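**Q** Next comes input38.cif, mmCIF, C-alpha atoms and all ligand atoms:
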```
data_entry
#
loop_
_atom_site.label_atom_id
_atom_site.label_comp_id
_atom_site.auth_asym_id
_atom_site.auth_seq_id
_atom_site.Cartn_x
_atom_site.Cartn_y
_atom_site.Cartn_z
CA MET A 1224 0.00 0.00 0.00
CA SER A 1225 1.28 3.52 -0.72
CA ILE A 1226 2.38 5.73 2.12
CA ALA A 1227 -0.30 8.16 3.27
CA GLU A 1228 0.45 11.83 2.62
CA VAL A 1229 -0.67 13.90 5.56
CA VAL A 1230 -1.61 17.57 5.82
CA PHE A 1231 -2.00 18.83 9.38
CA VAL A 1232 -4.59 21.50 10.14
CA LEU A 1233 -4.17 23.78 13.14
CA GLY A 1234 -5.39 27.09 14.46
CA PRO A 1235 -7.14 28.33 17.60
CA PRO A 1236 -10.29 26.55 18.84
CA GLY A 1237 -13.31 27.72 16.85
CA ALA A 1238 -11.22 29.14 13.97
CA GLY A 1239 -13.19 27.08 11.45
CA LYS A 1240 -10.73 24.23 10.85
CA GLY A 1241 -13.41 21.56 10.65
CA THR A 1242 -15.54 23.71 8.34
CA GLN A 1243 -12.73 24.19 5.83
CA CYS A 1244 -11.57 20.57 6.13
CA THR A 1245 -15.01 19.45 4.95
CA ARG A 1246 -14.58 21.55 1.81
CA ILE A 1247 -11.02 20.34 1.19
CA LYS A 1248 -12.26 16.79 1.55
CA GLU A 1249 -15.10 17.32 -0.92
CA ASN A 1250 -12.97 19.15 -3.49
CA PHE A 1251 -9.58 17.51 -3.31
CA GLY A 1252 -10.21 13.89 -2.35
CA PHE A 1253 -8.71 13.88 1.13
CA ILE A 1254 -10.13 12.04 4.08
CA HIS A 1255 -10.65 14.24 7.11
CA LEU A 1256 -9.73 13.08 10.58
CA SER A 1257 -10.30 15.33 13.55
CA ALA A 1258 -8.16 14.34 16.52
CA GLY A 1259 -10.75 15.93 18.83
CA ASP A 1260 -13.63 13.99 17.22
CA LEU A 1261 -11.71 10.72 17.49
CA LEU A 1262 -11.04 11.37 21.17
CA ARG A 1263 -14.68 12.31 21.85
CA ALA A 1264 -15.86 9.15 20.04
CA GLU A 1265 -13.45 7.01 22.05
CA GLN A 1266 -14.73 8.54 25.24
CA LYS A 1267 -18.38 7.99 24.27
CA ALA A 1268 -17.65 4.38 23.29
CA GLY A 1269 -16.89 3.78 26.97
CA SER A 1270 -13.25 2.77 26.49
CA GLU A 1271 -10.99 2.34 29.49
CA ASP A 1272 -9.43 5.72 28.65
CA GLY A 1273 -12.85 7.39 28.52
CA GLU A 1274 -12.73 9.09 31.89
CA LEU A 1275 -9.20 10.36 31.38
CA ILE A 1276 -10.12 11.77 27.96
CA ALA A 1277 -13.23 13.51 29.34
CA ASN A 1278 -11.19 15.20 32.07
CA TYR A 1279 -8.48 16.36 29.67
CA ILE A 1280 -11.04 17.80 27.25
CA LYS A 1281 -12.96 19.62 29.97
CA ASP A 1282 -9.73 21.21 31.18
CA GLY A 1283 -8.55 22.02 27.65
CA LYS A 1284 -5.45 19.88 28.20
CA ILE A 1285 -3.77 17.71 25.59
CA VAL A 1286 -4.48 13.99 25.92
CA PRO A 1287 -1.35 11.76 26.14
CA ILE A 1288 0.03 10.93 22.71
CA GLU A 1289 -0.15 7.13 23.13
CA ILE A 1290 -3.94 7.36 23.09
CA THR A 1291 -4.26 9.88 20.25
CA ILE A 1292 -1.74 8.21 17.93
CA ARG A 1293 -3.42 4.83 18.31
CA LEU A 1294 -6.76 6.35 17.27
CA LEU A 1295 -5.24 8.24 14.34
CA GLU A 1296 -3.36 5.25 12.97
CA LYS A 1297 -6.41 3.03 13.24
CA ALA A 1298 -8.53 5.59 11.38
CA VAL A 1299 -6.02 6.07 8.54
CA VAL A 1300 -5.47 2.34 8.10
CA SER A 1301 -9.17 1.46 8.15
CA ALA A 1302 -9.91 4.16 5.55
CA GLY A 1303 -7.05 2.88 3.34
CA ALA A 1304 -6.49 6.51 2.46
CA THR A 1305 -3.45 8.02 0.80
CA LYS A 1306 -4.42 11.68 1.21
CA VAL A 1307 -5.24 12.58 4.76
CA LEU A 1308 -6.11 15.79 6.57
CA ILE A 1309 -5.50 15.61 10.30
CA ASP A 1310 -7.28 18.41 12.05
CA GLY A 1311 -6.26 19.47 15.57
CA PHE A 1312 -2.95 17.62 15.60
CA PRO A 1313 -0.03 17.83 16.53
CA ARG A 1314 -1.18 20.01 19.41
CA ASN A 1315 2.07 20.01 21.41
CA LYS A 1316 5.68 18.86 21.20
CA GLU A 1317 4.78 15.48 22.65
CA ASN A 1318 2.21 15.00 19.86
CA LEU A 1319 4.77 15.96 17.21
CA ASP A 1320 7.57 13.79 18.61
CA GLY A 1321 5.21 10.82 18.93
CA TRP A 1322 4.00 11.29 15.36
CA GLU A 1323 7.51 11.43 13.94
CA ARG A 1324 8.68 8.46 15.97
CA GLU A 1325 5.70 6.17 15.30
CA MET A 1326 4.60 7.24 11.83
CA VAL A 1327 7.28 9.10 9.91
CA HIS A 1328 10.47 7.33 10.94
CA SER A 1329 8.75 3.96 10.60
CA GLY A 1330 7.86 4.86 7.00
CA LYS A 1331 4.10 4.60 7.53
CA MET A 1332 3.20 8.19 6.65
CA ASN A 1333 4.64 11.33 5.11
CA THR A 1334 4.00 14.81 6.42
CA LYS A 1335 3.34 17.20 3.53
CA PHE A 1336 2.68 20.52 5.23
CA MET A 1337 0.72 22.24 7.96
CA LEU A 1338 -2.26 24.45 7.26
CA TYR A 1339 -2.69 27.19 9.84
CA PHE A 1340 -6.02 29.01 10.16
CA GLU A 1341 -5.23 32.32 11.80
CA CYS A 1342 -8.23 33.91 13.51
CA ALA A 1343 -8.73 36.58 16.19
CA GLU A 1344 -9.54 35.24 19.65
CA GLU A 1345 -12.86 37.15 20.03
CA GLU A 1346 -14.05 35.81 16.67
CA CYS A 1347 -13.06 32.25 17.67
CA LEU A 1348 -14.92 32.62 20.95
CA LYS A 1349 -18.04 33.83 19.15
CA ARG A 1350 -17.87 30.93 16.69
CA ALA A 1351 -17.23 28.29 19.35
CA MET A 1352 -20.09 29.58 21.53
CA GLY A 1353 -22.43 29.48 18.55
CA ARG A 1354 -21.42 25.99 17.48
CA ASN A 1355 -24.36 24.18 19.11
CA GLN A 1356 -22.76 20.77 19.06
CA ASN A 1357 -23.35 20.21 22.70
CA ARG A 1358 -19.63 19.95 23.40
CA ALA A 1359 -18.49 19.78 27.02
CA ASP A 1360 -15.75 22.34 26.27
CA ASP A 1361 -17.74 25.00 24.35
CA ASN A 1362 -18.24 27.18 27.42
CA LEU A 1363 -16.35 30.30 28.41
CA GLU A 1364 -14.33 28.65 31.16
CA SER A 1365 -13.09 25.73 29.02
CA PHE A 1366 -12.54 28.00 26.02
CA LYS A 1367 -10.15 30.18 28.03
CA LYS A 1368 -8.21 27.11 29.13
CA ARG A 1369 -8.06 25.85 25.52
CA ILE A 1370 -6.69 29.20 24.33
CA THR A 1371 -4.05 29.13 27.07
CA THR A 1372 -3.01 25.62 26.02
CA TYR A 1373 -3.06 26.69 22.38
CA ILE A 1374 -0.69 29.60 23.01
CA SER A 1375 1.70 27.75 25.28
CA SER A 1376 1.78 24.34 23.54
CA THR A 1377 0.44 24.51 19.98
CA VAL A 1378 1.97 27.78 18.75
CA PRO A 1379 5.52 26.40 19.30
CA VAL A 1380 4.66 23.39 17.11
CA MET A 1381 3.48 25.73 14.36
CA ASP A 1382 6.70 27.72 14.77
CA GLU A 1383 8.62 24.50 14.27
CA PHE A 1384 6.77 23.91 10.97
CA ARG A 1385 7.39 27.51 9.94
CA SER A 1386 11.12 27.05 10.51
CA ARG A 1387 11.01 23.91 8.33
CA GLY A 1388 9.28 25.93 5.59
CA LEU A 1389 6.16 23.79 5.92
CA LEU A 1390 3.62 26.22 7.39
CA ARG A 1391 0.85 27.55 5.08
CA LYS A 1392 -1.06 30.36 6.77
CA VAL A 1393 -4.63 31.29 5.88
CA ASP A 1394 -6.49 34.36 7.18
CA ALA A 1395 -9.60 32.74 8.70
CA ASN A 1396 -11.32 35.91 9.94
CA GLY A 1397 -13.61 36.26 6.93
CA THR A 1398 -16.77 34.41 5.95
CA PRO A 1399 -16.52 30.67 5.23
CA ASP A 1400 -16.50 31.44 1.49
CA ASP A 1401 -13.71 34.03 1.86
CA VAL A 1402 -11.62 31.57 3.83
CA TRP A 1403 -12.31 28.86 1.28
CA ASP A 1404 -11.08 31.09 -1.56
CA LEU A 1405 -7.74 31.38 0.21
CA THR A 1406 -7.60 27.76 1.29
CA ARG A 1407 -8.28 26.22 -2.11
CA GLN A 1408 -5.36 28.13 -3.61
CA LEU A 1409 -3.07 25.99 -1.51
CA PHE A 1410 -4.38 22.77 -3.03
CA LEU A 1411 -4.78 23.76 -6.64
CA VAL A 1412 -2.53 22.20 -9.15
CA GLY A 1413 -0.54 24.39 -11.44
CA PHE A 1414 1.82 23.62 -14.22
CA VAL A 1415 4.66 25.26 -15.97
CA VAL A 1416 5.40 24.79 -19.60
CA CYS A 1417 8.79 25.17 -21.15
CA ILE A 1418 9.00 25.21 -24.88
CA LEU A 1419 12.28 25.06 -26.72
CA HIS A 1420 12.41 25.01 -30.43
CA ASN A 1421 14.70 25.07 -33.34
CA LYS A 1422 13.94 24.97 -37.03
CA HIS A 1423 12.57 21.42 -37.06
CA SER A 1424 11.22 20.49 -33.70
CA VAL A 1425 9.57 21.76 -30.59
CA HIS A 1426 10.35 20.34 -27.21
CA LEU A 1427 7.68 20.79 -24.65
CA GLN A 1428 8.18 20.14 -21.00
CA ILE A 1429 5.19 20.29 -18.71
CA THR A 1430 6.07 20.64 -15.08
CA TYR A 1431 3.26 20.03 -12.62
CA ARG A 1432 3.22 21.30 -9.15
CA ILE A 1433 1.15 21.53 -6.06
CA PRO A 1434 1.77 25.10 -5.04
CA ARG A 1435 3.66 25.76 -1.88
CA ASP A 1436 1.64 28.82 -1.05
CA ASN A 1437 -0.15 31.73 -2.64
CA ARG A 1438 2.80 32.36 -4.92
CA LEU A 1439 0.67 30.50 -7.42
CA ASN A 1440 -1.20 33.71 -8.14
CA GLN A 1441 1.97 35.62 -8.76
CA LEU A 1442 3.17 32.87 -11.04
CA VAL A 1443 0.32 33.05 -13.46
CA HIS A 1444 1.70 34.33 -16.70
CA LEU A 1445 -0.95 32.36 -18.43
CA LYS A 1446 -2.70 35.11 -20.28
CA LYS A 1447 0.53 36.31 -21.75
CA GLY A 1448 1.47 32.78 -22.75
CA LEU A 1449 -1.85 32.04 -24.38
CA ARG A 1450 -1.85 35.34 -26.24
CA TYR A 1451 1.52 34.47 -27.64
CA LEU A 1452 0.43 30.96 -28.60
CA ARG A 1453 -2.67 32.30 -30.24
CA SER A 1454 -0.69 34.82 -32.21
CA ILE A 1455 1.33 32.10 -33.86
CA THR A 1456 -1.10 29.20 -34.04
CA SER A 1457 -4.68 30.51 -33.80
CA PRO A 1458 -6.46 27.18 -33.26
CA PRO A 1459 -9.97 27.68 -31.90
CA GLN A 1460 -9.11 25.99 -28.59
CA CYS A 1461 -6.91 28.90 -27.62
CA GLY A 1462 -10.00 30.80 -26.59
CA GLN A 1463 -10.41 28.48 -23.60
CA HIS A 1464 -9.76 31.03 -20.95
CA HIS A 1465 -11.09 28.79 -18.22
CA PHE A 1466 -7.45 27.73 -18.13
CA ALA A 1467 -6.60 30.98 -16.47
CA ARG A 1468 -9.23 30.73 -13.80
CA GLU A 1469 -8.44 27.22 -12.75
CA CYS A 1470 -4.72 26.84 -12.73
CA GLY A 1471 -1.38 28.55 -12.87
CA LEU A 1472 0.61 28.28 -16.02
CA GLU A 1473 3.90 29.83 -16.74
CA PHE A 1474 4.75 29.91 -20.39
CA ARG A 1475 8.33 30.38 -21.42
CA ARG A 1476 9.72 30.33 -24.87
CA GLY A 1477 13.21 29.02 -25.17
CA ARG A 1478 15.86 30.70 -27.22
CA GLY A 1479 16.32 27.70 -29.51
CA GLY A 1480 19.33 25.43 -29.72
CA GLY A 1481 19.81 22.38 -27.55
CA SER A 1482 20.15 23.68 -24.05
CA TRP A 1483 17.35 23.82 -21.50
CA GLY A 1484 19.48 26.35 -19.66
CA GLY A 1485 17.95 28.99 -17.49
CA VAL A 1486 14.41 28.12 -18.48
CA CYS A 1487 14.43 24.84 -16.64
CA TRP A 1488 16.42 26.15 -13.77
CA SER A 1489 13.81 28.71 -12.91
CA ALA A 1490 10.97 26.27 -13.45
CA GLN A 1491 12.46 23.61 -11.24
CA LEU A 1492 13.08 26.05 -8.49
CA LEU A 1493 9.38 26.55 -8.09
CA LEU A 1494 8.04 23.11 -8.57
CA TYR A 1495 7.50 19.75 -7.04
CA PHE A 1496 7.00 17.54 -10.06
CA ILE A 1497 8.47 17.40 -13.47
CA VAL A 1498 6.52 15.03 -15.59
CA PRO A 1499 6.55 14.31 -19.26
CA VAL A 1500 8.65 15.78 -21.96
CA PHE A 1501 6.84 15.72 -25.27
CA VAL A 1502 8.79 16.14 -28.42
CA CYS A 1503 6.70 17.27 -31.32
CA LYS A 1504 8.26 17.02 -34.73
CA GLY A 1505 6.77 19.43 -37.17
CA THR A 1506 7.60 20.94 -40.44
CA SER A 1507 7.17 24.37 -38.97
CA LEU A 1508 7.15 25.98 -35.61
CA ARG A 1509 3.60 27.05 -36.26
CA GLN A 1510 2.37 23.47 -36.77
CA SER A 1511 4.31 22.15 -33.82
CA LEU A 1512 2.86 24.75 -31.56
CA SER A 1513 -0.67 23.79 -32.57
CA ILE A 1514 0.09 20.33 -31.23
CA VAL A 1515 1.51 21.87 -28.08
CA VAL A 1516 -1.70 23.79 -27.51
CA GLU A 1517 -3.75 20.62 -27.89
CA ILE A 1518 -1.55 18.81 -25.40
CA LEU A 1519 -1.98 21.65 -22.96
CA ILE A 1520 -5.71 21.57 -23.26
CA LEU A 1521 -5.79 17.81 -22.88
CA SER A 1522 -3.52 18.06 -19.84
CA PHE A 1523 -5.77 20.61 -18.31
CA ASP A 1524 -8.92 18.52 -18.81
CA PHE A 1525 -7.08 15.56 -17.39
CA LEU A 1526 -6.08 17.50 -14.32
CA LYS A 1527 -9.57 18.83 -13.81
CA VAL A 1528 -10.98 15.33 -13.76
CA PHE A 1529 -8.36 13.65 -11.63
CA ASN A 1530 -7.15 16.58 -9.62
CA SER A 1531 -3.90 16.31 -7.75
CA SER A 1532 -4.10 12.53 -7.35
CA ALA A 1533 -3.35 12.38 -11.06
CA ILE A 1534 -0.17 14.25 -10.39
CA ASN A 1535 0.87 11.81 -7.72
CA ASN A 1536 0.22 8.88 -10.04
CA LEU A 1537 2.02 10.51 -12.92
CA SER A 1538 5.07 11.40 -10.91
CA SER A 1539 5.39 7.95 -9.38
CA SER A 1540 5.07 6.21 -12.72
CA SER A 1541 7.39 8.50 -14.66
N1 LIG B 1601 -15.45 31.70 8.50
C1 LIG B 1601 -16.42 31.53 9.40
N2 LIG B 1601 -17.22 32.56 9.77
C2 LIG B 1601 -18.20 32.38 10.69
N3 LIG B 1601 -18.48 31.22 11.30
C3 LIG B 1601 -17.71 30.16 10.98
C4 LIG B 1601 -16.64 30.25 10.03
N4 LIG B 1601 -16.06 29.03 9.91
C5 LIG B 1601 -16.72 28.21 10.76
N5 LIG B 1601 -17.71 28.87 11.39
C6 LIG B 1601 -18.63 28.35 12.41
O1 LIG B 1601 -17.89 28.43 13.64
C7 LIG B 1601 -18.08 27.25 14.42
C8 LIG B 1601 -16.71 26.60 14.68
O2 LIG B 1601 -16.22 26.09 13.44
P1 LIG B 1601 -15.39 24.73 13.39
O3 LIG B 1601 -15.13 24.44 11.95
O4 LIG B 1601 -16.08 23.67 14.20
O5 LIG B 1601 -14.04 25.20 14.14
P2 LIG B 1601 -12.76 24.40 14.68
O6 LIG B 1601 -12.75 23.06 14.00
O7 LIG B 1601 -11.59 25.25 14.32
O8 LIG B 1601 -12.91 24.31 16.17
C9 LIG B 1601 -19.05 26.37 13.66
O9 LIG B 1601 -20.35 26.60 14.19
C10 LIG B 1601 -18.95 26.88 12.23
O10 LIG B 1601 -20.16 26.72 11.54
N1 LIG B 1602 -4.32 16.27 19.35
C1 LIG B 1602 -5.32 16.54 20.21
C2 LIG B 1602 -6.52 17.13 19.76
C3 LIG B 1602 -7.53 17.40 20.67
N2 LIG B 1602 -7.35 17.10 21.96
C4 LIG B 1602 -8.40 17.40 22.98
O1 LIG B 1602 -9.66 17.64 22.37
C5 LIG B 1602 -10.10 18.97 22.66
C6 LIG B 1602 -10.95 19.51 21.52
O2 LIG B 1602 -10.17 19.60 20.36
P1 LIG B 1602 -10.83 19.90 18.94
O3 LIG B 1602 -9.72 19.86 17.97
O4 LIG B 1602 -11.98 18.98 18.71
O5 LIG B 1602 -11.50 21.33 19.08
P2 LIG B 1602 -10.99 22.83 18.99
O6 LIG B 1602 -10.33 23.08 20.32
O7 LIG B 1602 -10.06 23.00 17.85
O8 LIG B 1602 -12.26 23.59 18.83
C7 LIG B 1602 -8.83 19.75 22.97
O9 LIG B 1602 -9.05 20.91 23.74
C8 LIG B 1602 -8.02 18.69 23.74
O10 LIG B 1602 -8.47 18.56 25.07
C9 LIG B 1602 -6.16 16.53 22.40
O11 LIG B 1602 -5.98 16.28 23.57
N3 LIG B 1602 -5.16 16.24 21.51
#
```
Please lay out the structure from this file as structure tokens.
Ligand SMILES: Nc1ncnc2c1ncn2[C@@H]1O[C@H](COP(=O)(O)OP(=O)(O)O)[C@@H](O)[C@H]1O
Ligand SMILES: Nc1ccn([C@@H]2O[C@H](COP(=O)(O)OP(=O)(O)O)[C@@H](O)[C@H]2O)c(=O)n1
**A**
Amino acid sequence: MSIAEVVFVLGPPGAGKGTQCTRIKENFGFIHLSAGDLLRAEQKAGSEDGELIANYIKDGKIVPIEITIRLLEKAVVSAGATKVLIDGFPRNKENLDGWEREMVHSGKMNTKFMLYFECAEEECLKRAMGRNQNRADDNLESFKKRITTYISSTVPVMDEFRSRGLLRKVDANGTPDDVWDLTRQLFLVGFVVCILHNKHSVHLQITYRIPRDNRLNQLVHLKKGLRYLRSITSPPQCGQHHFARECGLEFRRGRGGGSWGGVCWSAQLLLYFIVPVFVCKGTSLRQSLSIVVEILILSFDFLKVFNSSAINNLSSSS
């Protein structure tokens, strides 16, 4: 079985982590595990740890890692999932160390990055108090304790991810739709195209990536690229501007000759995956580029259907 790729989701209590995780799950094919939900379910199931869990939750303290990691591993394995969101974990250094020891070093799971929903405390309080899920800890007294634990124990874990370059911050103060607009950017797939040509052939390299952060927006030179393509090829498909809305594309025209030179260097710097290299032989640059445009459009449709899992499959089989 392939190793599960895990994205952690953290932020203060009530920031809207669960709400956004539901959307990520629906749109990007992840399973969503909430450490808090797993602990509450374990407690309700009357396990021998039930009383301990209930007391920790009421006091806003972090349950010992041996319990939480057992529940998480069981949930990932039983779902057979390869793309997993874990919400509300790792909440302290003990959680993180336990995760790395039991899951990462043993080769069972990979940590991809941490999503951090940043939200003002008063807003979180308002949201948590309005949650109506009959939770034992959605009262003012427990909320204050949870915030204290969050600041003293969870923020240092997020700092650790920031220092590893693995923290993706989202401003969660807006409406659920506003927050979703920011969140989805982090999961969208983009690709970069390098085209090198000489008199007789065109080499096309498509480089796929899952963006590291909102740099995706800055990267989009798509319109410029398509305008250029249209100016030399003019096939009807070039009007498909939905390209621009859905993904990032950087179009670079090589200077000809054999070397990939600086073009590839700058592309690789930004990207996670380099996938196929198509070589289109054509009698003219104009004809070759028509083929290139078709490949691009096909690639895009392919990505839309399969989303980022297609990228994972492609990169592991190439
Ligand atoms: N952006 C938002 N604006 C207003 N209310 C929100 C927002 N996101 C979530 N909520 C509401 O706030 C409450 C807490 O959200 P939830 O996703 O359970 O937070 P968390 O998982 O971070 O504790 C829920 O009642 C939810 O419907
Ligand atoms: N990794 C975790 C996650 C949650 N918990 C406990 O579960 C409680 C609720 O966590 P949660 O993630 O469901 O809720 P929020 O505090 O994010 O609203 C926490 O306050 C902790 O007591 C834990 O001990 N360890």
**Q** Residues at most 9 Å from region 1342-1359 of chain A, counting all atoms listed in the file, excluding those fewer than 5 positions away in the same chain, as a VMD selection string?
**A** chain A and resid 1234 to 1239 1277 1280 to 1281 1365 to 1367 1370 1393 to 1397
**Q** Around ligand LIG 1602 (chain B), out to 7 Å and counting all atoms listed in the file, which residues are there? I want them as number ranges by chain.
**A** A: 1235-1237, 1257-1260, 1262, 1279-1287, 1291, 1310-1314, 1318, 1351, 1369
**Q** Record the distance separating CA of Phe1251 (chain A) and CA of Arg1407 (chain A), expressed in Å with one decimal.
**A**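 For CA of Phe1251 (chain A) relative to CA of Arg1407 (chain A), the distance reads 8.9 Å.
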**Q** Here is a test: counting all atoms listed in the file, which residue of A:Ala1227, A:Val1327, A:Ile1276, A:Ile1309 is nearest to Gly1241 (chain A)?
**A**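 Of A:Ala1227, A:Val1327, A:Ile1276, A:Ile1309, the one nearest Gly1241 (chain A), counting all atoms listed in the file, is A:Ile1309.
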**Q** State, in Å with one decimal place, the distance from CA of Cys1244 (chain A) to CA of Glu1274 (chain A).
**A**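 We find that CA of Cys1244 (chain A) and CA of Glu1274 (chain A) lie 28.2 Å from each other.
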**Q** Could you check how far CA of Gln1266 (chain A) sits from CA of Thr1371 (chain A), in Å to one decimal?
**A**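 Atom-to-atom, CA of Gln1266 (chain A) and CA of Thr1371 (chain A) are spaced 23.3 Å apart.
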**Q** Which residues are near Val1378 (chain A)? Cut-off 9 Å, all atoms listed in the file, ignore same chain within fewer than 3 positions. Put them as a list in words.
**A**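 After dropping sequence-adjacent residues, the list is Gly1234, Arg1314, Asn1315, Tyr1373, Ile1374, Ser1375, Met1381, Asp1382 and Glu1383 of chain A.
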**Q** Using all atoms listed in the file, which residue out of A:Val1230, A:Leu1389, A:Leu1256, A:Ala1264 lies closest to ligand LIG 1601 (chain B)?
**A**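 Looking at the shortest contact to ligand LIG 1601 (chain B), the residue is A:Leu1256.
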**Q** From the options A:Ile1290, A:Val1402, A:Val1300, A:Ile1247, which residue's atoms come nearest to ligand LIG 1601 (chain B), counting all atoms listed in the file?
**A**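 The closest residue to ligand LIG 1601 (chain B) is A:Val1402.
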**Q** Which of these residues is nearest to ligand LIG 1601 (chain B), using only C-alpha atoms and all ligand atoms: A:Leu1319, A:Leu1275, A:Leu1405, A:Ile1254?
**A** A:Leu1405
**Q** Considering all atoms listed in the file, state which residue in the set A:Lys1331, A:Glu1325, A:Glu1289, A:Thr1242 is at the smallest distance from ligand LIG 1601 (chain B).
**A**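 Under the stated criterion, the closest residue is A:Thr1242.
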**Q** Counting all atoms listed in the file, which residue out of A:Ala1298, A:Ala1268, A:Leu1233, A:Val1307 sits closest to ligand LIG 1601 (chain B)?
**A**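 Using all atoms listed in the file, the shortest distance to ligand LIG 1601 (chain B) belongs to A:Leu1233.
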**Q** Model the absent atoms of region 1322-1337 of chain A so that N, CA, C and O atoms are present, and write the result as a PDB file, in the frame of the given file.
**A**
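Final output, saved to rebuild26.pdb:
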```pdb
ATOM      1  N   TRP A1322       4.352  11.486  16.769  1.00  0.00           N
ATOM      2  CA  TRP A1322       4.000  11.290  15.360  1.00  0.00           C
ATOM      3  C   TRP A1322       5.239  10.901  14.546  1.00  0.00           C
ATOM      4  O   TRP A1322       5.231   9.952  13.777  1.00  0.00           O
ATOM      5  N   GLU A1323       6.317  11.671  14.758  1.00  0.00           N
ATOM      6  CA  GLU A1323       7.510  11.430  13.940  1.00  0.00           C
ATOM      7  C   GLU A1323       8.121  10.070  14.269  1.00  0.00           C
ATOM      8  O   GLU A1323       8.545   9.342  13.382  1.00  0.00           O
ATOM      9  N   ARG A1324       8.092   9.749  15.562  1.00  0.00           N
ATOM     10  CA  ARG A1324       8.680   8.460  15.970  1.00  0.00           C
ATOM     11  C   ARG A1324       7.854   7.291  15.415  1.00  0.00           C
ATOM     12  O   ARG A1324       8.388   6.394  14.780  1.00  0.00           O
ATOM     13  N   GLU A1325       6.543   7.340  15.631  1.00  0.00           N
ATOM     14  CA  GLU A1325       5.700   6.170  15.300  1.00  0.00           C
ATOM     15  C   GLU A1325       5.307   6.098  13.834  1.00  0.00           C
ATOM     16  O   GLU A1325       5.072   5.022  13.313  1.00  0.00           O
ATOM     17  N   MET A1326       5.160   7.247  13.179  1.00  0.00           N
ATOM     18  CA  MET A1326       4.600   7.240  11.830  1.00  0.00           C
ATOM     19  C   MET A1326       5.623   7.591  10.742  1.00  0.00           C
ATOM     20  O   MET A1326       5.662   6.949   9.709  1.00  0.00           O
ATOM     21  N   VAL A1327       6.401   8.630  10.971  1.00  0.00           N
ATOM     22  CA  VAL A1327       7.280   9.100   9.910  1.00  0.00           C
ATOM     23  C   VAL A1327       8.541   8.238   9.832  1.00  0.00           C
ATOM     24  O   VAL A1327       8.856   7.665   8.782  1.00  0.00           O
ATOM     25  N   HIS A1328       9.224   8.098  10.965  1.00  0.00           N
ATOM     26  CA  HIS A1328      10.470   7.330  10.940  1.00  0.00           C
ATOM     27  C   HIS A1328      10.230   5.864  10.602  1.00  0.00           C
ATOM     28  O   HIS A1328      11.084   5.184  10.043  1.00  0.00           O
ATOM     29  N   SER A1329       9.049   5.365  10.910  1.00  0.00           N
ATOM     30  CA  SER A1329       8.750   3.960  10.600  1.00  0.00           C
ATOM     31  C   SER A1329       8.293   3.811   9.157  1.00  0.00           C
ATOM     32  O   SER A1329       7.966   2.713   8.714  1.00  0.00           O
ATOM     33  N   GLY A1330       8.209   4.933   8.428  1.00  0.00           N
ATOM     34  CA  GLY A1330       7.860   4.860   7.000  1.00  0.00           C
ATOM     35  C   GLY A1330       6.378   4.653   6.735  1.00  0.00           C
ATOM     36  O   GLY A1330       5.981   4.326   5.619  1.00  0.00           O
ATOM     37  N   LYS A1331       5.527   4.841   7.761  1.00  0.00           N
ATOM     38  CA  LYS A1331       4.100   4.600   7.530  1.00  0.00           C
ATOM     39  C   LYS A1331       3.412   5.802   6.869  1.00  0.00           C
ATOM     40  O   LYS A1331       2.458   5.655   6.125  1.00  0.00           O
ATOM     41  N   MET A1332       3.858   7.003   7.204  1.00  0.00           N
ATOM     42  CA  MET A1332       3.200   8.190   6.650  1.00  0.00           C
ATOM     43  C   MET A1332       4.209   9.299   6.382  1.00  0.00           C
ATOM     44  O   MET A1332       5.258   9.356   7.002  1.00  0.00           O
ATOM     45  N   ASN A1333       3.817  10.174   5.443  1.00  0.00           N
ATOM     46  CA  ASN A1333       4.640  11.330   5.110  1.00  0.00           C
ATOM     47  C   ASN A1333       3.914  12.591   5.528  1.00  0.00           C
ATOM     48  O   ASN A1333       2.725  12.710   5.259  1.00  0.00           O
ATOM     49  N   THR A1334       4.633  13.541   6.103  1.00  0.00           N
ATOM     50  CA  THR A1334       4.000  14.810   6.420  1.00  0.00           C
ATOM     51  C   THR A1334       4.250  15.774   5.267  1.00  0.00           C
ATOM     52  O   THR A1334       5.398  16.034   4.923  1.00  0.00           O
ATOM     53  N   LYS A1335       3.157  16.299   4.681  1.00  0.00           N
ATOM     54  CA  LYS A1335       3.340  17.200   3.530  1.00  0.00           C
ATOM     55  C   LYS A1335       3.525  18.642   3.979  1.00  0.00           C
ATOM     56  O   LYS A1335       4.493  19.281   3.675  1.00  0.00           O
ATOM     57  N   PHE A1336       2.553  19.170   4.682  1.00  0.00           N
ATOM     58  CA  PHE A1336       2.680  20.520   5.230  1.00  0.00           C
ATOM     59  C   PHE A1336       1.634  20.749   6.298  1.00  0.00           C
ATOM     60  O   PHE A1336       0.805  19.864   6.554  1.00  0.00           O
ATOM     61  N   MET A1337       1.698  21.899   6.934  1.00  0.00           N
ATOM     62  CA  MET A1337       0.720  22.240   7.960  1.00  0.00           C
ATOM     63  C   MET A1337      -0.069  23.462   7.519  1.00  0.00           C
ATOM     64  O   MET A1337       0.511  24.474   7.123  1.00  0.00           O
TER      65      MET A1337
END
```
